[in-house]
Amino acid sequence: MKKSTIEEIKERFDKDVERFSNLDTGQVATIDAKISLELITEAAKRIVPNAQNLLDVGCGAGNYSLMMLTKTPDLNCTLVDLSKPMLDRAFERVSEMTKGDVTILQGDIREVGLRENHYDIILAGAVLHHLRDDADWERTFEKLFKLLKPGGCLMISDLIRQDTELLNDYIWERYGDYLEGLGGKIYRQNVLDYVEKEDSPRSMNYQLDLMKQVGFKKVEILHKNMCFGAFGGIK
């Protein structure tokens with residue numbers, strides 16, 4: 001199946017601001033979304049207790065930055081997203097929560113210009129699964145590494161797959177059963193069709209190995225439940 005283009009993904013998120021402004025309704029198909037959000041932000045706070053600068057990649061309506069600000073107040077926040085309506089909502093919400101500077105940048109994280117060795121914390125929530133081939137993944141992880149200060153952390157919460165195809169099939173069957181329990185057979189098929197069309201996740205092992213390859217000195221697994229995980233790396 002031909003995957004969605006960046007423009008198609010942007011157009012979809014432009015129309016979905018209200019849903020993604022609410023963690024309960026915006027991520028109902030994401031298993032343990034609240035747990036992962038809590039874990040990656042609490043871990044970031046403990047890794048960089050005196051953080052000043054936060055980068056939220058694919059920020060959506062700002063949920064990850066908002067949670068980070070409950071743990072480390074008054075961060076300077078840089079918000080990046082394809083969708084201008086999402087960015088406008090995120091800017092409004094995040095600006096109310098911090099005395100720091102809030103900067104919004106519309107665009108693809110692979111292309112937007114950002115300061116290297118500047119960010120204490122980078123959060124990537126439900127965004128990296130839109131990357132496609134190996135070169136895409138490698139270029140993006142190299143860039144994120146360069147943007148971090150030494151001692152800074154990249155924290156990821158995302159859709160993942162398994163490396164072993166038989167186990168991947170089993171996990172996605174389990175996820176399908178979970179979806180069916182939420183909304184029935186049609187809902188199950190709609191979500192799985194959407195993932196097939198728009199997403200191209202990689203395994204947690206792949207991403208942790210890639211972090212080590214680009215230079216992260218430590219990588220950590222925080223949580224995994226079926227085809228969702230929370231994990232990160234320290235520069």
# chains A, B, ... in the order shown; residues from 1 in each chain; ligands from 1
call {"tool": "closest_atom_pairs", "arguments": {"of": "range 121-192 of chain A", "to": "range 31-36 of chain A", "cutoff": "12 Å", "atoms": "only C-alpha atoms", "output": "tab-separated table"}}
result
residue	atom	partner	partner_atom	distance
A:Leu123	CA	A:Ser36	CA	11.6
A:Ala124	CA	A:Ser36	CA	11.5
A:Gly125	CA	A:Ser36	CA	9.2
A:Ala126	CA	A:Ala33	CA	9.6
A:Met155	CA	A:Ser36	CA	10.1
A:Ile156	CA	A:Ser36	CA	8.8
A:Ser157	CA	A:Ser36	CA	6.2
A:Asp158	CA	A:Ser36	CA	8.9
A:Leu159	CA	A:Ile31	CA	9.4
A:Ile160	CA	A:Ile31	CA	11.6
A:Arg174	CA	A:Ile31	CA	11.5
A:Tyr175	CA	A:Ile31	CA	8.7
A:Gly176	CA	A:Ile31	CA	11.5
A:Tyr178	CA	A:Ile31	CA	8.8
A:Leu179	CA	A:Ile31	CA	9.6
A:Leu182	CA	A:Ile31	CA	11.1
call {"tool": "write_last_selection", "arguments": {"atoms": "N, CA, C and O atoms", "output": "PDB file, in the first residue's frame"}}
result
ATOM      1  N   LEU A 123      11.324  15.825  23.533  1.00  0.00           N
ATOM      2  CA  LEU A 123      10.213  14.884  23.621  1.00  0.00           C
ATOM      3  C   LEU A 123       9.700  14.590  22.219  1.00  0.00           C
ATOM      4  O   LEU A 123       9.483  15.510  21.424  1.00  0.00           O
ATOM      5  N   ALA A 124       9.514  13.320  21.927  1.00  0.00           N
ATOM      6  CA  ALA A 124       8.963  12.899  20.634  1.00  0.00           C
ATOM      7  C   ALA A 124       7.809  11.950  20.915  1.00  0.00           C
ATOM      8  O   ALA A 124       8.011  10.745  21.111  1.00  0.00           O
ATOM      9  N   GLY A 125       6.613  12.495  20.974  1.00  0.00           N
ATOM     10  CA  GLY A 125       5.425  11.718  21.320  1.00  0.00           C
ATOM     11  C   GLY A 125       4.597  11.395  20.092  1.00  0.00           C
ATOM     12  O   GLY A 125       4.069  12.298  19.436  1.00  0.00           O
ATOM     13  N   ALA A 126       4.500  10.107  19.768  1.00  0.00           N
ATOM     14  CA  ALA A 126       3.640   9.637  18.672  1.00  0.00           C
ATOM     15  C   ALA A 126       3.928  10.363  17.368  1.00  0.00           C
ATOM     16  O   ALA A 126       3.026  10.831  16.685  1.00  0.00           O
ATOM     17  N   MET A 155      13.424  11.613  24.790  1.00  0.00           N
ATOM     18  CA  MET A 155      12.434  10.694  25.329  1.00  0.00           C
ATOM     19  C   MET A 155      11.325  10.474  24.295  1.00  0.00           C
ATOM     20  O   MET A 155      10.753  11.439  23.777  1.00  0.00           O
ATOM     21  N   ILE A 156      11.030   9.204  24.032  1.00  0.00           N
ATOM     22  CA  ILE A 156      10.116   8.813  22.966  1.00  0.00           C
ATOM     23  C   ILE A 156       8.961   7.996  23.534  1.00  0.00           C
ATOM     24  O   ILE A 156       9.170   7.088  24.337  1.00  0.00           O
ATOM     25  N   SER A 157       7.759   8.325  23.092  1.00  0.00           N
ATOM     26  CA  SER A 157       6.583   7.484  23.331  1.00  0.00           C
ATOM     27  C   SER A 157       5.940   7.255  21.981  1.00  0.00           C
ATOM     28  O   SER A 157       5.562   8.211  21.302  1.00  0.00           O
ATOM     29  N   ASP A 158       5.817   5.981  21.563  1.00  0.00           N
ATOM     30  CA  ASP A 158       5.405   5.787  20.175  1.00  0.00           C
ATOM     31  C   ASP A 158       4.891   4.374  19.904  1.00  0.00           C
ATOM     32  O   ASP A 158       5.054   3.453  20.707  1.00  0.00           O
ATOM     33  N   LEU A 159       4.298   4.270  18.735  1.00  0.00           N
ATOM     34  CA  LEU A 159       3.904   3.003  18.142  1.00  0.00           C
ATOM     35  C   LEU A 159       5.163   2.259  17.719  1.00  0.00           C
ATOM     36  O   LEU A 159       6.083   2.866  17.152  1.00  0.00           O
ATOM     37  N   ILE A 160       5.215   0.954  17.994  1.00  0.00           N
ATOM     38  CA  ILE A 160       6.394   0.161  17.644  1.00  0.00           C
ATOM     39  C   ILE A 160       5.959  -1.178  17.054  1.00  0.00           C
ATOM     40  O   ILE A 160       4.790  -1.554  17.140  1.00  0.00           O
ATOM     41  N   ARG A 174      -3.281  -9.187  18.973  1.00  0.00           N
ATOM     42  CA  ARG A 174      -3.697  -8.783  20.326  1.00  0.00           C
ATOM     43  C   ARG A 174      -4.189  -7.342  20.343  1.00  0.00           C
ATOM     44  O   ARG A 174      -5.185  -7.006  20.984  1.00  0.00           O
ATOM     45  N   TYR A 175      -3.472  -6.473  19.630  1.00  0.00           N
ATOM     46  CA  TYR A 175      -3.880  -5.072  19.559  1.00  0.00           C
ATOM     47  C   TYR A 175      -5.232  -4.939  18.852  1.00  0.00           C
ATOM     48  O   TYR A 175      -6.095  -4.158  19.276  1.00  0.00           O
ATOM     49  N   GLY A 176      -5.422  -5.718  17.803  1.00  0.00           N
ATOM     50  CA  GLY A 176      -6.709  -5.715  17.127  1.00  0.00           C
ATOM     51  C   GLY A 176      -7.837  -6.122  18.059  1.00  0.00           C
ATOM     52  O   GLY A 176      -8.934  -5.531  18.042  1.00  0.00           O
ATOM     53  N   TYR A 178      -7.855  -5.702  21.264  1.00  0.00           N
ATOM     54  CA  TYR A 178      -8.038  -4.552  22.159  1.00  0.00           C
ATOM     55  C   TYR A 178      -8.918  -3.498  21.508  1.00  0.00           C
ATOM     56  O   TYR A 178      -9.854  -2.962  22.128  1.00  0.00           O
ATOM     57  N   LEU A 179      -8.652  -3.191  20.250  1.00  0.00           N
ATOM     58  CA  LEU A 179      -9.452  -2.200  19.532  1.00  0.00           C
ATOM     59  C   LEU A 179     -10.899  -2.641  19.385  1.00  0.00           C
ATOM     60  O   LEU A 179     -11.826  -1.839  19.535  1.00  0.00           O
ATOM     61  N   LEU A 182     -12.784  -1.976  22.374  1.00  0.00           N
ATOM     62  CA  LEU A 182     -13.112  -0.553  22.538  1.00  0.00           C
ATOM     63  C   LEU A 182     -14.297  -0.124  21.689  1.00  0.00           C
ATOM     64  O   LEU A 182     -15.164   0.611  22.156  1.00  0.00           O
TER      65      LEU A 182
END
call {"tool": "closest_atom_pairs", "arguments": {"of": "range 102-192 of chain A", "to": "range 55-71 of chain A", "cutoff": "10 Å", "atoms": "only C-alpha atoms", "output": "JSON lines"}}
result
{"residue": "A:Thr103", "atom": "CA", "partner": "A:Leu55", "partner_atom": "CA", "distance": 9.5}
{"residue": "A:Ile104", "atom": "CA", "partner": "A:Cys59", "partner_atom": "CA", "distance": 9.6}
{"residue": "A:Leu105", "atom": "CA", "partner": "A:Val57", "partner_atom": "CA", "distance": 9.9}
{"residue": "A:Gln106", "atom": "CA", "partner": "A:Gly58", "partner_atom": "CA", "distance": 9.5}
{"residue": "A:Gly107", "atom": "CA", "partner": "A:Gly58", "partner_atom": "CA", "distance": 9.1}
{"residue": "A:Asp108", "atom": "CA", "partner": "A:Gly58", "partner_atom": "CA", "distance": 8.4}
{"residue": "A:Ile109", "atom": "CA", "partner": "A:Val57", "partner_atom": "CA", "distance": 6.8}
{"residue": "A:Leu114", "atom": "CA", "partner": "A:Leu55", "partner_atom": "CA", "distance": 9.6}
{"residue": "A:His118", "atom": "CA", "partner": "A:Leu55", "partner_atom": "CA", "distance": 9.4}
{"residue": "A:Tyr119", "atom": "CA", "partner": "A:Leu55", "partner_atom": "CA", "distance": 6.5}
{"residue": "A:Asp120", "atom": "CA", "partner": "A:Leu55", "partner_atom": "CA", "distance": 8.2}
{"residue": "A:Ile121", "atom": "CA", "partner": "A:Leu55", "partner_atom": "CA", "distance": 6.3}
{"residue": "A:Ile122", "atom": "CA", "partner": "A:Leu55", "partner_atom": "CA", "distance": 4.7}
{"residue": "A:Leu123", "atom": "CA", "partner": "A:Asp56", "partner_atom": "CA", "distance": 4.9}
{"residue": "A:Ala124", "atom": "CA", "partner": "A:Val57", "partner_atom": "CA", "distance": 5.0}
{"residue": "A:Gly125", "atom": "CA", "partner": "A:Gly58", "partner_atom": "CA", "distance": 7.0}
{"residue": "A:Ala126", "atom": "CA", "partner": "A:Gly58", "partner_atom": "CA", "distance": 7.7}
{"residue": "A:Val127", "atom": "CA", "partner": "A:Gly58", "partner_atom": "CA", "distance": 5.6}
{"residue": "A:Leu128", "atom": "CA", "partner": "A:Gly58", "partner_atom": "CA", "distance": 8.4}
{"residue": "A:Leu144", "atom": "CA", "partner": "A:Val57", "partner_atom": "CA", "distance": 9.5}
{"residue": "A:Leu147", "atom": "CA", "partner": "A:Leu55", "partner_atom": "CA", "distance": 9.1}
{"residue": "A:Leu148", "atom": "CA", "partner": "A:Leu55", "partner_atom": "CA", "distance": 9.2}
{"residue": "A:Leu154", "atom": "CA", "partner": "A:Leu55", "partner_atom": "CA", "distance": 9.4}
{"residue": "A:Met155", "atom": "CA", "partner": "A:Asp56", "partner_atom": "CA", "distance": 9.9}
{"residue": "A:Ile156", "atom": "CA", "partner": "A:Val57", "partner_atom": "CA", "distance": 9.8}
{"residue": "A:Ser157", "atom": "CA", "partner": "A:Tyr64", "partner_atom": "CA", "distance": 9.9}
call {"tool": "select_by_dssp", "arguments": {"residues": "range 144-178 of chain A", "states": "helix (DSSP H, G or I)", "output": "tab-separated table (two decimals) with all heavy atoms, in the first residue's frame"}}
result
chain	number	residue	atom	x	y	z
A	144	LEU	N	18.57	14.84	15.97
A	144	LEU	CA	18.09	15.01	17.35
A	144	LEU	C	19.26	14.93	18.33
A	144	LEU	O	19.31	15.68	19.31
A	144	LEU	CB	17.03	13.95	17.67
A	144	LEU	CG	15.72	14.06	16.87
A	144	LEU	CD1	14.80	12.88	17.20
A	144	LEU	CD2	15.01	15.39	17.15
A	145	PHE	N	20.20	14.04	18.08
A	145	PHE	CA	21.38	13.93	18.93
A	145	PHE	C	22.17	15.24	18.92
A	145	PHE	O	22.59	15.73	19.97
A	145	PHE	CB	22.26	12.78	18.46
A	145	PHE	CG	23.52	12.60	19.25
A	145	PHE	CD1	23.51	11.97	20.48
A	145	PHE	CD2	24.74	13.07	18.76
A	145	PHE	CE1	24.68	11.82	21.23
A	145	PHE	CE2	25.91	12.92	19.49
A	145	PHE	CZ	25.87	12.29	20.73
A	146	LYS	N	22.37	15.81	17.75
A	146	LYS	CA	23.14	17.05	17.64
A	146	LYS	C	22.44	18.23	18.33
A	146	LYS	O	23.11	19.16	18.80
A	146	LYS	CB	23.38	17.39	16.17
A	146	LYS	CG	24.36	16.44	15.49
A	146	LYS	CD	24.48	16.77	14.01
A	146	LYS	CE	25.43	15.80	13.31
A	146	LYS	NZ	25.50	16.08	11.85
A	147	LEU	N	21.12	18.21	18.37
A	147	LEU	CA	20.38	19.31	18.98
A	147	LEU	C	20.49	19.32	20.51
A	147	LEU	O	20.34	20.37	21.14
A	147	LEU	CB	18.90	19.23	18.59
A	147	LEU	CG	18.58	19.41	17.10
A	147	LEU	CD1	17.09	19.21	16.86
A	147	LEU	CD2	19.02	20.78	16.60
A	165	GLU	N	8.91	-11.51	12.86
A	165	GLU	CA	7.64	-11.33	12.16
A	165	GLU	C	6.51	-12.15	12.78
A	165	GLU	O	5.37	-11.67	12.90
A	165	GLU	CB	7.80	-11.70	10.68
A	165	GLU	CG	6.78	-11.04	9.78
A	165	GLU	CD	6.83	-9.51	9.83
A	165	GLU	OE1	7.94	-8.95	9.86
A	165	GLU	OE2	5.75	-8.89	9.85
A	166	LEU	N	6.79	-13.37	13.20
A	166	LEU	CA	5.75	-14.19	13.83
A	166	LEU	C	5.23	-13.53	15.09
A	166	LEU	O	4.02	-13.52	15.36
A	166	LEU	CB	6.29	-15.59	14.15
A	166	LEU	CG	6.51	-16.54	12.97
A	166	LEU	CD1	7.24	-17.79	13.43
A	166	LEU	CD2	5.17	-16.91	12.34
A	167	LEU	N	6.14	-12.98	15.88
A	167	LEU	CA	5.72	-12.29	17.11
A	167	LEU	C	5.04	-10.97	16.81
A	167	LEU	O	4.11	-10.56	17.51
A	167	LEU	CB	6.92	-12.08	18.02
A	167	LEU	CG	7.56	-13.35	18.58
A	167	LEU	CD1	8.76	-13.00	19.46
A	167	LEU	CD2	6.55	-14.17	19.37
A	168	ASN	N	5.48	-10.30	15.74
A	168	ASN	CA	4.82	-9.06	15.35
A	168	ASN	C	3.37	-9.33	14.97
A	168	ASN	O	2.46	-8.59	15.37
A	168	ASN	CB	5.57	-8.42	14.18
A	168	ASN	CG	5.10	-7.01	13.90
A	168	ASN	OD1	5.24	-6.11	14.72
A	168	ASN	ND2	4.52	-6.81	12.72
A	169	ASP	N	3.14	-10.40	14.21
A	169	ASP	CA	1.77	-10.76	13.84
A	169	ASP	C	0.92	-11.02	15.08
A	169	ASP	O	-0.24	-10.59	15.17
A	169	ASP	CB	1.77	-12.00	12.95
A	169	ASP	CG	2.37	-11.74	11.57
A	169	ASP	OD1	2.50	-10.55	11.20
A	169	ASP	OD2	2.72	-12.72	10.89
A	170	TYR	N	1.51	-11.73	16.04
A	170	TYR	CA	0.78	-12.05	17.27
A	170	TYR	C	0.43	-10.79	18.05
A	170	TYR	O	-0.71	-10.60	18.49
A	170	TYR	CB	1.62	-12.99	18.13
A	170	TYR	CG	1.15	-13.09	19.56
A	170	TYR	CD1	-0.09	-13.63	19.87
A	170	TYR	CD2	1.95	-12.63	20.61
A	170	TYR	CE1	-0.53	-13.73	21.19
A	170	TYR	CE2	1.51	-12.70	21.91
A	170	TYR	CZ	0.29	-13.25	22.20
A	170	TYR	OH	-0.14	-13.31	23.50
A	171	ILE	N	1.41	-9.90	18.22
A	171	ILE	CA	1.17	-8.67	18.98
A	171	ILE	C	0.09	-7.82	18.33
A	171	ILE	O	-0.79	-7.26	19.00
A	171	ILE	CB	2.48	-7.87	19.12
A	171	ILE	CG1	3.48	-8.60	20.02
A	171	ILE	CG2	2.22	-6.45	19.64
A	171	ILE	CD1	3.03	-8.78	21.45
A	172	TRP	N	0.11	-7.73	16.98
A	172	TRP	CA	-0.89	-6.92	16.31
A	172	TRP	C	-2.26	-7.58	16.33
A	172	TRP	O	-3.29	-6.89	16.30
A	172	TRP	CB	-0.41	-6.58	14.90
A	172	TRP	CG	0.58	-5.46	14.97
A	172	TRP	CD1	1.91	-5.55	15.23
A	172	TRP	CD2	0.29	-4.07	14.85
A	172	TRP	NE1	2.48	-4.30	15.27
A	172	TRP	CE2	1.51	-3.37	15.03
A	172	TRP	CE3	-0.86	-3.34	14.59
A	172	TRP	CZ2	1.60	-1.98	14.98
A	172	TRP	CZ3	-0.77	-1.95	14.53
A	172	TRP	CH2	0.44	-1.29	14.72
A	173	GLU	N	-2.31	-8.90	16.40
A	173	GLU	CA	-3.60	-9.57	16.62
A	173	GLU	C	-4.16	-9.19	17.99
A	173	GLU	O	-5.36	-8.91	18.14
A	173	GLU	CB	-3.43	-11.09	16.53
A	173	GLU	CG	-3.23	-11.63	15.13
A	173	GLU	CD	-2.92	-13.11	15.13
A	173	GLU	OE1	-3.12	-13.76	16.18
A	173	GLU	OE2	-2.46	-13.62	14.09
A	174	ARG	N	-3.28	-9.19	18.97
A	174	ARG	CA	-3.70	-8.78	20.33
A	174	ARG	C	-4.19	-7.34	20.34
A	174	ARG	O	-5.18	-7.01	20.98
A	174	ARG	CB	-2.53	-8.94	21.31
A	174	ARG	CG	-2.13	-10.36	21.66
A	174	ARG	CD	-3.13	-11.01	22.61
A	174	ARG	NE	-3.32	-10.23	23.83
A	174	ARG	CZ	-2.60	-10.40	24.94
A	174	ARG	NH1	-1.64	-11.31	24.98
A	174	ARG	NH2	-2.84	-9.66	26.01
A	175	TYR	N	-3.47	-6.47	19.63
A	175	TYR	CA	-3.88	-5.07	19.56
A	175	TYR	C	-5.23	-4.94	18.85
A	175	TYR	O	-6.09	-4.16	19.28
A	175	TYR	CB	-2.82	-4.26	18.83
A	175	TYR	CG	-3.16	-2.79	18.69
A	175	TYR	CD1	-3.59	-2.04	19.79
A	175	TYR	CD2	-3.05	-2.14	17.46
A	175	TYR	CE1	-3.90	-0.69	19.66
A	175	TYR	CE2	-3.35	-0.79	17.34
A	175	TYR	CZ	-3.78	-0.08	18.44
A	175	TYR	OH	-4.10	1.26	18.31
A	176	GLY	N	-5.42	-5.72	17.80
A	176	GLY	CA	-6.71	-5.71	17.13
A	176	GLY	C	-7.84	-6.12	18.06
A	176	GLY	O	-8.93	-5.53	18.04
A	177	ASP	N	-7.59	-7.12	18.90
A	177	ASP	CA	-8.60	-7.54	19.88
A	177	ASP	C	-8.91	-6.42	20.86
A	177	ASP	O	-10.06	-6.20	21.25
A	177	ASP	CB	-8.12	-8.77	20.64
A	177	ASP	CG	-8.01	-10.00	19.74
A	177	ASP	OD1	-8.62	-10.00	18.66
A	177	ASP	OD2	-7.31	-10.95	20.14
A	178	TYR	N	-7.86	-5.70	21.26
A	178	TYR	CA	-8.04	-4.55	22.16
A	178	TYR	C	-8.92	-3.50	21.51
A	178	TYR	O	-9.85	-2.96	22.13
A	178	TYR	CB	-6.66	-3.98	22.51
A	178	TYR	CG	-6.68	-2.62	23.18
A	178	TYR	CD1	-6.92	-2.51	24.55
A	178	TYR	CD2	-6.44	-1.47	22.44
A	178	TYR	CE1	-6.93	-1.25	25.17
A	178	TYR	CE2	-6.45	-0.22	23.04
A	178	TYR	CZ	-6.69	-0.12	24.41
A	178	TYR	OH	-6.70	1.12	25.00
call {"tool": "select_by_dssp", "arguments": {"residues": "range 76-145 of chain A", "states": "strand (DSSP E or B)", "output": "JSON list (two decimals) with N, CA and C atoms, in the first residue's frame"}}
result
[["chain", "number", "residue", "atom", "x", "y", "z"],
["A", 76, "ASN", "N", 11.88, 27.14, 28.62],
["A", 76, "ASN", "CA", 11.77, 27.70, 27.28],
["A", 76, "ASN", "C", 11.37, 26.55, 26.35],
["A", 77, "CYS", "N", 10.27, 26.71, 25.64],
["A", 77, "CYS", "CA", 9.70, 25.61, 24.87],
["A", 77, "CYS", "C", 9.73, 25.92, 23.37],
["A", 78, "THR", "N", 10.32, 25.02, 22.61],
["A", 78, "THR", "CA", 10.27, 25.09, 21.15],
["A", 78, "THR", "C", 9.35, 23.98, 20.66],
["A", 79, "LEU", "N", 8.31, 24.37, 19.94],
["A", 79, "LEU", "CA", 7.27, 23.44, 19.50],
["A", 79, "LEU", "C", 7.33, 23.31, 17.98],
["A", 80, "VAL", "N", 7.46, 22.08, 17.51],
["A", 80, "VAL", "CA", 7.56, 21.83, 16.06],
["A", 80, "VAL", "C", 6.44, 20.89, 15.64],
["A", 81, "ASP", "N", 5.74, 21.25, 14.57],
["A", 81, "ASP", "CA", 4.68, 20.38, 14.05],
["A", 81, "ASP", "C", 4.42, 20.73, 12.59],
["A", 102, "VAL", "N", 8.27, 30.79, 24.38],
["A", 102, "VAL", "CA", 7.62, 29.73, 23.61],
["A", 102, "VAL", "C", 7.76, 30.07, 22.13],
["A", 103, "THR", "N", 8.40, 29.17, 21.40],
["A", 103, "THR", "CA", 8.65, 29.36, 19.97],
["A", 103, "THR", "C", 7.95, 28.26, 19.20],
["A", 104, "ILE", "N", 7.25, 28.62, 18.12],
["A", 104, "ILE", "CA", 6.62, 27.60, 17.28],
["A", 104, "ILE", "C", 7.27, 27.61, 15.91],
["A", 105, "LEU", "N", 7.46, 26.41, 15.36],
["A", 105, "LEU", "CA", 8.03, 26.24, 14.03],
["A", 105, "LEU", "C", 7.18, 25.24, 13.26],
["A", 106, "GLN", "N", 6.59, 25.68, 12.17],
["A", 106, "GLN", "CA", 5.82, 24.77, 11.34],
["A", 106, "GLN", "C", 6.73, 24.10, 10.34],
["A", 119, "TYR", "N", 19.33, 22.03, 23.46],
["A", 119, "TYR", "CA", 18.16, 21.54, 24.20],
["A", 119, "TYR", "C", 18.57, 20.56, 25.29],
["A", 120, "ASP", "N", 17.97, 20.75, 26.47],
["A", 120, "ASP", "CA", 18.19, 19.82, 27.58],
["A", 120, "ASP", "C", 17.32, 18.58, 27.44],
["A", 121, "ILE", "N", 16.11, 18.78, 26.93],
["A", 121, "ILE", "CA", 15.14, 17.70, 26.80],
["A", 121, "ILE", "C", 14.49, 17.78, 25.41],
["A", 122, "ILE", "N", 14.43, 16.64, 24.74],
["A", 122, "ILE", "CA", 13.63, 16.53, 23.52],
["A", 122, "ILE", "C", 12.57, 15.47, 23.76],
["A", 123, "LEU", "N", 11.32, 15.83, 23.53],
["A", 123, "LEU", "CA", 10.21, 14.88, 23.62],
["A", 123, "LEU", "C", 9.70, 14.59, 22.22],
["A", 124, "ALA", "N", 9.51, 13.32, 21.93],
["A", 124, "ALA", "CA", 8.96, 12.90, 20.63],
["A", 124, "ALA", "C", 7.81, 11.95, 20.92],
["A", 125, "GLY", "N", 6.61, 12.49, 20.97],
["A", 125, "GLY", "CA", 5.42, 11.72, 21.32],
["A", 125, "GLY", "C", 4.60, 11.40, 20.09]]
call {"tool": "atom_distance", "arguments": {"atom1": "CA of Gln162 in chain A", "atom2": "CA of Tyr194 in chain A"}}
result
18.8 Å
call {"tool": "closest_residue", "arguments": {"among": "A:Phe216, A:Thr30, A:Thr164, A:Asp134", "to": "Gly151 in chain A", "atoms": "only C-alpha atoms"}}
result
A:Phe216
call {"tool": "closest_residue", "arguments": {"among": "A:Phe231, A:Leu192, A:Lys143, A:Asp163", "to": "Gly113 in chain A", "atoms": "only C-alpha atoms"}}
result
A:Lys143
call {"tool": "closest_residue", "arguments": {"among": "A:Val48, A:Ile221, A:Val28, A:Leu87", "to": "Leu75 in chain A", "atoms": "only C-alpha atoms"}}
result
A:Val48
call {"tool": "closest_residue", "arguments": {"among": "A:Gly181, A:Gly233, A:Pro85, A:Pro201", "to": "Val219 in chain A", "atoms": "only C-alpha atoms"}}
result
A:Gly233
call {"tool": "closest_residue", "arguments": {"among": "A:Met226, A:Leu131, A:Met211, A:Leu54", "to": "Asp199 in chain A", "atoms": "only C-alpha atoms"}}
result
A:Leu131
call {"tool": "atom_distance", "arguments": {"atom1": "CA of Glu116 in chain A", "atom2": "CA of Ser83 in chain A"}}
result
23.5 Å
call {"tool": "decode", "arguments": {"residues": "range 66-77 of chain A", "atoms": "N, CA and C atoms", "output": "PDB file, in the first residue's frame"}}
result
ATOM      1  N   LEU A  66       2.984  20.305  28.070  1.00  0.00           N
ATOM      2  CA  LEU A  66       2.203  20.678  29.257  1.00  0.00           C
ATOM      3  C   LEU A  66       2.530  19.769  30.432  1.00  0.00           C
ATOM      4  N   MET A  67       2.650  18.469  30.179  1.00  0.00           N
ATOM      5  CA  MET A  67       3.007  17.556  31.263  1.00  0.00           C
ATOM      6  C   MET A  67       4.426  17.821  31.749  1.00  0.00           C
ATOM      7  N   MET A  68       5.341  18.108  30.823  1.00  0.00           N
ATOM      8  CA  MET A  68       6.719  18.399  31.216  1.00  0.00           C
ATOM      9  C   MET A  68       6.784  19.632  32.100  1.00  0.00           C
ATOM     10  N   LEU A  69       5.953  20.614  31.815  1.00  0.00           N
ATOM     11  CA  LEU A  69       5.952  21.860  32.584  1.00  0.00           C
ATOM     12  C   LEU A  69       5.378  21.678  33.987  1.00  0.00           C
ATOM     13  N   THR A  70       4.580  20.643  34.201  1.00  0.00           N
ATOM     14  CA  THR A  70       4.110  20.359  35.568  1.00  0.00           C
ATOM     15  C   THR A  70       5.245  19.807  36.426  1.00  0.00           C
ATOM     16  N   LYS A  71       6.292  19.318  35.781  1.00  0.00           N
ATOM     17  CA  LYS A  71       7.405  18.716  36.502  1.00  0.00           C
ATOM     18  C   LYS A  71       8.614  19.645  36.568  1.00  0.00           C
ATOM     19  N   THR A  72       8.867  20.387  35.501  1.00  0.00           N
ATOM     20  CA  THR A  72       9.955  21.354  35.446  1.00  0.00           C
ATOM     21  C   THR A  72       9.365  22.672  34.961  1.00  0.00           C
ATOM     22  N   PRO A  73       9.018  23.568  35.874  1.00  0.00           N
ATOM     23  CA  PRO A  73       8.304  24.800  35.490  1.00  0.00           C
ATOM     24  C   PRO A  73       9.160  25.757  34.672  1.00  0.00           C
ATOM     25  N   ASP A  74       8.459  26.567  33.893  1.00  0.00           N
ATOM     26  CA  ASP A  74       9.033  27.752  33.225  1.00  0.00           C
ATOM     27  C   ASP A  74      10.174  27.438  32.262  1.00  0.00           C
ATOM     28  N   LEU A  75      10.065  26.294  31.609  1.00  0.00           N
ATOM     29  CA  LEU A  75      11.012  25.969  30.543  1.00  0.00           C
ATOM     30  C   LEU A  75      10.811  26.887  29.339  1.00  0.00           C
ATOM     31  N   ASN A  76      11.881  27.140  28.616  1.00  0.00           N
ATOM     32  CA  ASN A  76      11.769  27.702  27.277  1.00  0.00           C
ATOM     33  C   ASN A  76      11.368  26.554  26.350  1.00  0.00           C
ATOM     34  N   CYS A  77      10.271  26.714  25.638  1.00  0.00           N
ATOM     35  CA  CYS A  77       9.705  25.609  24.867  1.00  0.00           C
ATOM     36  C   CYS A  77       9.731  25.916  23.372  1.00  0.00           C
TER      37      CYS A  77
END
